[in-house]
Structure formats: structure tokens, C-alpha cells
$ cat target-v2.json   # JSON, C-alpha atoms
[["chain", "number", "residue", "atom", "x", "y", "z"],
["A", 82, "MET", "CA", 215.44, -40.02, 55.10],
["A", 83, "LEU", "CA", 213.10, -40.16, 58.11],
["A", 84, "THR", "CA", 210.74, -37.17, 57.98],
["A", 85, "GLU", "CA", 207.29, -38.32, 59.12],
["A", 86, "PRO", "CA", 206.59, -36.38, 62.38],
["A", 87, "SER", "CA", 204.93, -39.29, 64.21],
["A", 88, "LEU", "CA", 207.89, -41.59, 63.50],
["A", 89, "VAL", "CA", 210.42, -38.95, 64.54],
["A", 90, "ALA", "CA", 208.47, -38.46, 67.78],
["A", 91, "GLU", "CA", 208.52, -42.22, 68.39],
["A", 92, "LEU", "CA", 212.25, -42.29, 67.82],
["A", 93, "ARG", "CA", 212.64, -39.41, 70.27],
["A", 94, "ARG", "CA", 211.09, -41.50, 73.06],
["A", 95, "HIS", "CA", 213.78, -44.19, 72.75],
["A", 96, "HIS", "CA", 216.78, -44.07, 75.10],
["A", 97, "LEU", "CA", 219.25, -43.85, 72.20],
["A", 98, "PHE", "CA", 217.72, -40.57, 71.05],
["A", 99, "SER", "CA", 215.76, -39.10, 73.97],
["A", 100, "ARG", "CA", 218.55, -36.79, 75.14],
["A", 101, "LEU", "CA", 219.89, -35.73, 71.76],
["A", 102, "PRO", "CA", 219.49, -31.98, 71.09],
["A", 103, "GLU", "CA", 216.86, -31.31, 68.45],
["A", 104, "ALA", "CA", 219.42, -30.34, 65.79],
["A", 105, "ALA", "CA", 221.39, -33.54, 66.42],
["A", 106, "LEU", "CA", 218.25, -35.68, 66.20],
["A", 107, "GLN", "CA", 217.31, -34.05, 62.91],
["A", 108, "GLU", "CA", 220.79, -34.86, 61.59],
["A", 109, "VAL", "CA", 220.35, -38.49, 62.58],
["A", 110, "CYS", "CA", 216.95, -38.60, 60.88],
["A", 111, "MET", "CA", 218.38, -37.08, 57.70],
["A", 112, "SER", "CA", 220.83, -39.99, 57.46],
["A", 113, "ALA", "CA", 218.19, -42.62, 58.28],
["A", 114, "ASN", "CA", 216.53, -44.87, 55.72],
["A", 115, "LEU", "CA", 212.92, -45.92, 56.27],
["A", 116, "LYS", "CA", 212.29, -49.48, 55.10],
["A", 117, "ARG", "CA", 209.16, -51.58, 54.74],
["A", 118, "VAL", "CA", 210.24, -55.20, 55.04],
["A", 119, "PRO", "CA", 207.84, -58.01, 54.07],
["A", 120, "ALA", "CA", 207.51, -61.07, 56.27],
["A", 121, "GLY", "CA", 210.33, -63.52, 55.61],
["A", 122, "ALA", "CA", 212.69, -60.93, 54.10],
["A", 123, "ALA", "CA", 216.16, -60.36, 55.53],
["A", 124, "LEU", "CA", 217.44, -57.01, 56.76],
["A", 125, "PHE", "CA", 221.01, -58.25, 56.93],
["A", 126, "HIS", "CA", 222.88, -61.52, 57.09],
["A", 127, "GLN", "CA", 225.42, -62.91, 59.52],
["A", 128, "GLY", "CA", 228.83, -61.78, 58.28],
["A", 129, "ASP", "CA", 227.59, -58.68, 56.41],
["A", 130, "ARG", "CA", 229.46, -55.44, 56.93],
["A", 131, "ALA", "CA", 228.06, -53.77, 60.07],
["A", 132, "GLU", "CA", 227.66, -50.09, 59.23],
["A", 133, "ARG", "CA", 224.05, -49.48, 60.28],
["A", 134, "PHE", "CA", 221.84, -50.15, 63.27],
["A", 135, "TYR", "CA", 218.04, -50.31, 63.39],
["A", 136, "PHE", "CA", 214.87, -49.19, 65.14],
["A", 137, "LEU", "CA", 211.63, -51.14, 64.71],
["A", 138, "PHE", "CA", 208.44, -49.06, 64.44],
["A", 139, "SER", "CA", 206.04, -51.92, 63.72],
["A", 140, "GLY", "CA", 206.14, -55.64, 62.98],
["A", 141, "GLN", "CA", 208.51, -58.22, 64.41],
["A", 142, "VAL", "CA", 212.11, -59.17, 63.62],
["A", 143, "LYS", "CA", 214.12, -62.19, 64.70],
["A", 144, "LEU", "CA", 217.86, -62.13, 65.28],
["A", 145, "HIS", "CA", 219.38, -65.53, 64.60],
["A", 146, "ARG", "CA", 222.67, -67.14, 63.74],
["A", 147, "VAL", "CA", 223.94, -70.37, 62.24],
["A", 148, "VAL", "CA", 226.24, -72.28, 64.58],
["A", 149, "CYS", "CA", 229.02, -74.74, 63.76],
["A", 150, "ASP", "CA", 226.71, -77.74, 63.31],
["A", 151, "GLY", "CA", 224.67, -75.83, 60.72],
["A", 152, "GLN", "CA", 221.63, -75.33, 62.94],
["A", 153, "GLU", "CA", 219.86, -72.00, 63.22],
["A", 154, "LYS", "CA", 219.72, -70.61, 66.75],
["A", 155, "LEU", "CA", 217.33, -67.86, 67.76],
["A", 156, "VAL", "CA", 219.09, -65.04, 69.62],
["A", 157, "GLU", "CA", 216.32, -62.51, 70.19],
["A", 158, "ILE", "CA", 212.90, -61.37, 69.05],
["A", 159, "ILE", "CA", 212.74, -57.63, 68.34],
["A", 160, "ARG", "CA", 209.40, -55.97, 68.98],
["A", 161, "PRO", "CA", 208.08, -52.49, 68.14],
["A", 162, "ARG", "CA", 209.94, -49.53, 69.72],
["A", 163, "GLU", "CA", 213.09, -51.59, 70.18],
["A", 164, "SER", "CA", 216.50, -51.02, 68.60],
["A", 165, "PHE", "CA", 219.00, -53.65, 67.53],
["A", 166, "ALA", "CA", 222.61, -53.93, 66.33],
["A", 167, "GLU", "CA", 223.49, -50.72, 68.20],
["A", 168, "ALA", "CA", 226.01, -52.50, 70.47],
["A", 169, "LEU", "CA", 228.31, -52.87, 67.46],
["A", 170, "LEU", "CA", 228.78, -49.08, 67.52],
["A", 171, "PHE", "CA", 230.92, -49.47, 70.64],
["A", 172, "THR", "CA", 232.66, -52.80, 70.10],
["A", 173, "GLY", "CA", 234.22, -52.03, 66.74],
["A", 174, "THR", "CA", 232.94, -55.37, 65.40],
["A", 175, "PRO", "CA", 233.15, -55.00, 61.61],
["A", 176, "HIS", "CA", 230.53, -57.62, 60.70],
["A", 177, "TYR", "CA", 227.11, -58.58, 62.01],
["A", 178, "PRO", "CA", 227.37, -61.67, 64.28],
["A", 179, "VAL", "CA", 223.71, -62.51, 63.58],
["A", 180, "SER", "CA", 221.17, -62.32, 60.77],
["A", 181, "ALA", "CA", 217.98, -60.25, 61.03],
["A", 182, "THR", "CA", 214.78, -61.49, 59.35],
["A", 183, "ALA", "CA", 211.26, -60.05, 59.52],
["A", 184, "LEU", "CA", 208.77, -62.43, 61.13],
["A", 185, "LYS", "CA", 205.93, -60.05, 60.24],
["A", 186, "ALA", "CA", 205.66, -57.20, 57.76],
["A", 187, "SER", "CA", 207.77, -54.53, 59.45],
["A", 188, "LEU", "CA", 208.54, -50.83, 59.30],
["A", 189, "VAL", "CA", 212.18, -50.20, 60.21],
["A", 190, "ALA", "CA", 214.50, -47.22, 60.42],
["A", 191, "SER", "CA", 218.03, -48.02, 59.26],
["A", 192, "LEU", "CA", 220.47, -45.60, 60.88],
["A", 193, "HIS", "CA", 224.06, -44.83, 59.93],
["A", 194, "GLY", "CA", 226.28, -46.03, 62.78],
["A", 195, "PRO", "CA", 229.38, -43.81, 62.28],
["A", 196, "HIS", "CA", 227.19, -40.70, 62.01],
["A", 197, "TYR", "CA", 225.34, -41.51, 65.24],
["A", 198, "ARG", "CA", 228.62, -42.23, 67.01],
["A", 199, "ARG", "CA", 229.90, -38.77, 66.04],
["A", 200, "MET", "CA", 226.76, -37.33, 67.62],
["A", 201, "LEU", "CA", 227.61, -39.13, 70.86],
["A", 202, "GLU", "CA", 231.16, -37.79, 70.81],
["A", 203, "GLU", "CA", 229.69, -34.30, 70.71],
["A", 204, "HIS", "CA", 227.30, -35.08, 73.60],
["A", 205, "PRO", "CA", 229.18, -37.51, 75.91],
["A", 206, "SER", "CA", 226.68, -37.29, 78.79],
["A", 207, "ILE", "CA", 224.23, -39.32, 76.71],
["A", 208, "CYS", "CA", 226.65, -42.25, 76.78],
["A", 209, "LEU", "CA", 225.88, -42.95, 80.46],
["A", 210, "ASP", "CA", 222.23, -43.65, 79.68],
["A", 211, "ILE", "CA", 223.19, -45.93, 76.82],
["A", 212, "LEU", "CA", 225.78, -47.72, 78.96],
["A", 213, "ALA", "CA", 223.14, -48.43, 81.61],
["A", 214, "THR", "CA", 220.79, -49.95, 79.02],
["A", 215, "LEU", "CA", 223.54, -52.08, 77.47],
["A", 216, "SER", "CA", 224.50, -53.31, 80.95],
["A", 217, "ILE", "CA", 220.93, -54.45, 81.58],
["A", 218, "ARG", "CA", 220.97, -56.35, 78.29],
["A", 219, "LEU", "CA", 224.29, -57.96, 79.23],
["A", 220, "HIS", "CA", 222.83, -59.23, 82.51],
["A", 221, "GLN", "CA", 219.83, -60.61, 80.64],
["A", 222, "ARG", "CA", 222.14, -62.51, 78.32],
["A", 223, "MET", "CA", 224.12, -63.87, 81.28],
["A", 224, "ASN", "CA", 220.91, -65.13, 82.86],
["A", 225, "GLU", "CA", 219.98, -66.82, 79.59],
["A", 226, "ILE", "CA", 223.39, -68.50, 79.42],
["A", 227, "ASP", "CA", 223.00, -69.74, 83.00],
["A", 228, "THR", "CA", 219.61, -71.19, 82.11],
["A", 229, "LEU", "CA", 220.96, -72.97, 79.03],
["A", 230, "THR", "CA", 224.00, -74.42, 80.80],
["A", 231, "LEU", "CA", 222.65, -75.25, 84.26],
["A", 232, "ALA", "CA", 218.99, -76.17, 83.76],
["A", 233, "ASN", "CA", 217.46, -79.20, 82.10],
["A", 234, "ALA", "CA", 214.79, -78.83, 79.43],
["A", 235, "SER", "CA", 211.81, -78.80, 81.79],
["A", 236, "HIS", "CA", 213.41, -76.16, 84.01],
["A", 237, "ARG", "CA", 214.07, -73.98, 80.96],
["A", 238, "VAL", "CA", 210.43, -74.16, 79.94],
["A", 239, "VAL", "CA", 209.22, -73.41, 83.48],
["A", 240, "ARG", "CA", 211.58, -70.43, 83.72],
["A", 241, "PHE", "CA", 210.39, -69.19, 80.35],
["A", 242, "LEU", "CA", 206.77, -69.33, 81.52],
["A", 243, "TYR", "CA", 207.52, -67.36, 84.68],
["A", 244, "GLN", "CA", 209.56, -64.72, 82.87],
["A", 245, "SER", "CA", 206.96, -64.31, 80.11],
["A", 246, "GLN", "CA", 203.95, -63.62, 82.33],
["A", 247, "GLU", "CA", 202.01, -60.47, 81.59],
["A", 248, "ASP", "CA", 202.47, -58.35, 84.74],
["A", 249, "ASP", "CA", 202.69, -61.47, 86.95],
["A", 250, "SER", "CA", 199.12, -62.31, 85.95],
["A", 251, "GLY", "CA", 199.86, -65.95, 85.34],
["A", 252, "VAL", "CA", 199.02, -65.50, 81.66],
["A", 253, "VAL", "CA", 201.58, -66.00, 78.89],
["A", 254, "THR", "CA", 200.75, -65.06, 75.31],
["A", 255, "LEU", "CA", 202.97, -66.68, 72.68],
["A", 256, "ASP", "CA", 203.55, -64.02, 70.03],
["A", 257, "VAL", "CA", 206.07, -66.10, 68.06],
["A", 258, "PRO", "CA", 205.94, -69.71, 66.79],
["A", 259, "LYS", "CA", 206.73, -72.43, 69.31],
["A", 260, "ARG", "CA", 209.68, -73.62, 67.22],
["A", 261, "LEU", "CA", 211.38, -70.25, 67.74],
["A", 262, "ILE", "CA", 210.77, -70.35, 71.48],
["A", 263, "ALA", "CA", 212.24, -73.86, 71.55],
["A", 264, "SER", "CA", 215.27, -72.64, 69.60],
["A", 265, "LYS", "CA", 215.93, -69.87, 72.10],
["A", 266, "LEU", "CA", 215.60, -72.36, 74.96],
["A", 267, "GLY", "CA", 218.07, -74.69, 73.25],
["A", 268, "ILE", "CA", 215.64, -77.59, 72.89],
["A", 269, "GLN", "CA", 213.81, -79.29, 70.05],
["A", 270, "PRO", "CA", 210.25, -78.16, 69.21],
["A", 271, "GLU", "CA", 208.95, -81.65, 70.00],
["A", 272, "THR", "CA", 210.55, -81.46, 73.46],
["A", 273, "PHE", "CA", 208.93, -78.08, 74.11],
["A", 274, "SER", "CA", 205.50, -79.40, 73.10],
["A", 275, "ARG", "CA", 205.97, -82.58, 75.17],
["A", 276, "ILE", "CA", 206.85, -80.61, 78.31],
["A", 277, "LEU", "CA", 203.83, -78.31, 77.85],
["A", 278, "HIS", "CA", 201.62, -81.38, 77.45],
["A", 279, "ARG", "CA", 202.96, -82.89, 80.69],
["A", 280, "LEU", "CA", 202.37, -79.64, 82.52],
["A", 281, "ILE", "CA", 198.79, -79.63, 81.22],
["A", 282, "GLU", "CA", 198.27, -83.24, 82.38],
["A", 283, "SER", "CA", 199.67, -82.30, 85.81],
["A", 284, "GLY", "CA", 197.09, -79.50, 86.12],
["A", 285, "MET", "CA", 199.74, -76.79, 86.37],
["A", 286, "ILE", "CA", 198.88, -74.91, 83.19],
["A", 287, "SER", "CA", 196.12, -74.64, 80.62],
["A", 288, "VAL", "CA", 196.71, -73.89, 76.96],
["A", 289, "GLN", "CA", 194.29, -72.36, 74.48],
["A", 290, "ARG", "CA", 196.00, -71.80, 71.15],
["A", 291, "ARG", "CA", 198.66, -69.15, 71.91],
["A", 292, "ARG", "CA", 197.42, -68.38, 75.44],
["A", 293, "ILE", "CA", 198.97, -70.23, 78.39],
["A", 294, "GLU", "CA", 197.63, -69.77, 81.93],
["A", 295, "ILE", "CA", 199.57, -70.84, 85.00],
["A", 296, "LEU", "CA", 197.09, -72.63, 87.27],
["A", 297, "ASP", "CA", 199.42, -73.93, 90.01],
["A", 298, "SER", "CA", 202.29, -71.52, 90.54],
["A", 299, "GLN", "CA", 203.80, -73.35, 93.52],
["A", 300, "GLY", "CA", 203.58, -76.72, 91.84],
["A", 301, "LEU", "CA", 205.13, -75.34, 88.69],
["A", 302, "ALA", "CA", 208.04, -73.84, 90.64],
["A", 303, "ALA", "CA", 208.79, -77.27, 92.14],
["A", 304, "TYR", "CA", 208.17, -79.22, 88.93],
["A", 305, "GLN", "CA", 210.62, -82.01, 88.11],
["A", 306, "GLU", "CA", 210.17, -83.94, 84.89]]
$ encode --input "target-v2.json" --output "C-alpha cells"
Amino acid sequence: MLTEPSLVAELRRHHLFSRLPEAALQEVCMSANLKRVPAGAALFHQGDRAERFYFLFSGQVKLHRVVCDGQEKLVEIIRPRESFAEALLFTGTPHYPVSATALKASLVASLHGPHYRRMLEEHPSICLDILATLSIRLHQRMNEIDTLTLANASHRVVRFLYQSQEDDSGVVTLDVPKRLIASKLGIQPETFSRILHRLIESGMISVQRRRIEILDSQGLAAYQE
């Protein structure tokens, strides 16, 4: 049961809960389980029964799946104040298509999907806000698919750098291991490191540990390996 006022207030600010009447939100919180998940521990596994969705208060969680060749593919990194697995509420998918594993010690709310869906049926106007958010996520996924299918490895890395800038400042801070970034880009970690090294040698970026600075934006945009 989720009862801590500060956590309930944080939940209230999220689009899934912001427009719920107070009584409905309290009902959702009563059915929620608060979990502290150590780094490396799994929240759920690919193929598990999908009856709950999640909200991350602190920490970091990766969503990943094992594909037909046995390799693990990173799907998404979940950061604080983000929800995940909520799309399954509307698709009727009975099992999780991905696994969720904590990258850092995390505080997570586990919410009962069928109960939340009943809340939405009682307040249908909220569904429009949720639909808009899910549509944005769908377009993001389509862009990622286009990148993976149409761009070569160097173009994927360049696009990643542009999309990961902090407020178009030219600075990218890597908050997850490079091997996970490479996995999401569909390339090997060695390839990712090699491309970064070539960009450094070309004077287009500088790298200090987890901080990458774009030095030549125009040159980077036109970069061909």
C-alpha cells in the first residue's frame, strides 16, 4: 500500500494519475505495492503474467528482451518519475513482452492494472490524455525503428548524440553503460567505442569519462565513416 504523502504527491503529478479524482487516486494507492529493488534484481521477466504496471520514484530500470538468436536487446531505460508496462492495460496482452531489471537501487510502485483500468472506465475523459502520451511514445519507437533499419552504425551514433544533448547545449551525459547504449543502437559495444574514437580523432567531439561534448556540430551532421 502506498501511503507516504510525498510519494503520493509525486504520483499525482504523472499524466496517468494527474486528473484522477482524489478518492479514485486513494483507491489506486491502496492497491499499490511499494518495492525497494536492489541493483541487478528483476521486477519481472519476459513471458510473466502481465497484471501490474509500474512507476519509478528513484533509481533506474532497464527494459530488455531476448531475441531469437539468444542475444539481449535493450528496449528502454526507465528514469525517475516515469511509468512502464502501462500500455499492456489497453492491448490485452496477457504476458510481459520484455523483462525489467534494476540498473541502480530503485524505489518502485507496483500498481494493479485491472483496478486502474476500472478507474478509467469511471472517468473516460482521462483516457484522451493517456492516448496522447501513448501516441508520442509510438512515434518515438517508429523513429527508432527507422534509425535501426535505414542508418549505418556511424549514423546511429551521430543521431544518438544529437538526440541526447542536454537542452541543445552540445553536451551529452551517459547515465548508463556504453554496452547498453550500443545494444539499443543495434551495434556491438566495440563498434560504438570505435566510432566515438574516430569522432574524437576528427575533432568533432571530446570525451571525458561519461561526458561527451559536441565540438563541430556541422561536421558531425555531415559525418560519413
$ closest_residue --input "target-v2.json" --among "A:His196, A:His236, A:Arg133, A:Lys265" --to "Ala302 in chain A" --atoms "only C-alpha atoms"
A:His236
$ residues_near_point --input "target-v2.json" --point "(219.5, -70.0, 64.2)" --cutoff "10 Å" --atoms "all atoms listed in the file" --output "JSON, numbers by chain"
{"A": [143, 144, 145, 146, 147, 148, 151, 152, 153, 154, 155, 156, 179, 180, 261, 264, 265]}
$ residues_around --input "target-v2.json" --residues "Ser245 in chain A" --least-positions-apart "5" --cutoff "9 Å" --atoms "all atoms listed in the file" --output "JSON, numbers by chain"
{"A": [240, 251, 252, 253, 254, 255]}
$ atom_distance --input "target-v2.json" --atom1 "CA of Ser99 in chain A" --atom2 "CA of Ile211 in chain A"
10.5 Å
$ closest_residue --input "target-v2.json" --among "A:Ala263, A:Leu184, A:Val89, A:Ala213" --to "Glu103 in chain A" --atoms "only C-alpha atoms"
A:Val89
$ residues_around --input "target-v2.json" --residues "Ala166 in chain A" --least-positions-apart "6" --cutoff "8 Å" --atoms "only C-alpha atoms" --output "list in words"
Arg133, Phe134, Tyr135 and Tyr177 of chain A
$ residues_around --input "target-v2.json" --residues "Glu294 in chain A" --least-positions-apart "5" --cutoff "12 Å" --atoms "only C-alpha atoms" --output "PDB file with C-alpha atoms, in the frame of the given file"
ATOM      1  CA  LEU A 242     206.770 -69.330  81.520  1.00  0.00           C
ATOM      2  CA  TYR A 243     207.520 -67.360  84.680  1.00  0.00           C
ATOM      3  CA  SER A 245     206.960 -64.310  80.110  1.00  0.00           C
ATOM      4  CA  GLN A 246     203.950 -63.620  82.330  1.00  0.00           C
ATOM      5  CA  GLU A 247     202.010 -60.470  81.590  1.00  0.00           C
ATOM      6  CA  ASP A 249     202.690 -61.470  86.950  1.00  0.00           C
ATOM      7  CA  SER A 250     199.120 -62.310  85.950  1.00  0.00           C
ATOM      8  CA  GLY A 251     199.860 -65.950  85.340  1.00  0.00           C
ATOM      9  CA  VAL A 252     199.020 -65.500  81.660  1.00  0.00           C
ATOM     10  CA  VAL A 253     201.580 -66.000  78.890  1.00  0.00           C
ATOM     11  CA  THR A 254     200.750 -65.060  75.310  1.00  0.00           C
ATOM     12  CA  LEU A 255     202.970 -66.680  72.680  1.00  0.00           C
ATOM     13  CA  LEU A 277     203.830 -78.310  77.850  1.00  0.00           C
ATOM     14  CA  LEU A 280     202.370 -79.640  82.520  1.00  0.00           C
ATOM     15  CA  ILE A 281     198.790 -79.630  81.220  1.00  0.00           C
ATOM     16  CA  GLY A 284     197.090 -79.500  86.120  1.00  0.00           C
ATOM     17  CA  MET A 285     199.740 -76.790  86.370  1.00  0.00           C
ATOM     18  CA  ILE A 286     198.880 -74.910  83.190  1.00  0.00           C
ATOM     19  CA  SER A 287     196.120 -74.640  80.620  1.00  0.00           C
ATOM     20  CA  VAL A 288     196.710 -73.890  76.960  1.00  0.00           C
ATOM     21  CA  GLN A 289     194.290 -72.360  74.480  1.00  0.00           C
ATOM     22  CA  LEU A 301     205.130 -75.340  88.690  1.00  0.00           C
TER      23      LEU A 301
END
$ atom_distance --input "target-v2.json" --atom1 "CA of Asn224 in chain A" --atom2 "CA of Leu170 in chain A"
23.6 Å
$ atom_distance --input "target-v2.json" --atom1 "CA of Ile158 in chain A" --atom2 "CA of Val142 in chain A"
5.9 Å
$ residues_around --input "target-v2.json" --residues "Ser191 in chain A" --least-positions-apart "6" --cutoff "12 Å" --atoms "all atoms listed in the file" --output "CSV table (one decimal) with C-alpha atoms, in the frame of the given file"
chain,number,residue,atom,x,y,z
A,82,MET,CA,215.4,-40.0,55.1
A,83,LEU,CA,213.1,-40.2,58.1
A,92,LEU,CA,212.2,-42.3,67.8
A,109,VAL,CA,220.4,-38.5,62.6
A,110,CYS,CA,217.0,-38.6,60.9
A,111,MET,CA,218.4,-37.1,57.7
A,112,SER,CA,220.8,-40.0,57.5
A,113,ALA,CA,218.2,-42.6,58.3
A,114,ASN,CA,216.5,-44.9,55.7
A,115,LEU,CA,212.9,-45.9,56.3
A,116,LYS,CA,212.3,-49.5,55.1
A,117,ARG,CA,209.2,-51.6,54.7
A,118,VAL,CA,210.2,-55.2,55.0
A,124,LEU,CA,217.4,-57.0,56.8
A,125,PHE,CA,221.0,-58.2,56.9
A,131,ALA,CA,228.1,-53.8,60.1
A,132,GLU,CA,227.7,-50.1,59.2
A,133,ARG,CA,224.0,-49.5,60.3
A,134,PHE,CA,221.8,-50.2,63.3
A,135,TYR,CA,218.0,-50.3,63.4
A,136,PHE,CA,214.9,-49.2,65.1
A,137,LEU,CA,211.6,-51.1,64.7
A,138,PHE,CA,208.4,-49.1,64.4
A,164,SER,CA,216.5,-51.0,68.6
A,165,PHE,CA,219.0,-53.6,67.5
A,166,ALA,CA,222.6,-53.9,66.3
A,167,GLU,CA,223.5,-50.7,68.2
A,197,TYR,CA,225.3,-41.5,65.2
$ axis_aligned_box --input "target-v2.json" --around "range 135-142 of chain A" --padding-each-side "3 Å" --output "JSON"
{"center_x": 212.0, "center_y": -54.1, "center_z": 64.1, "size_x": 18.0, "size_y": 16.1, "size_z": 8.2}
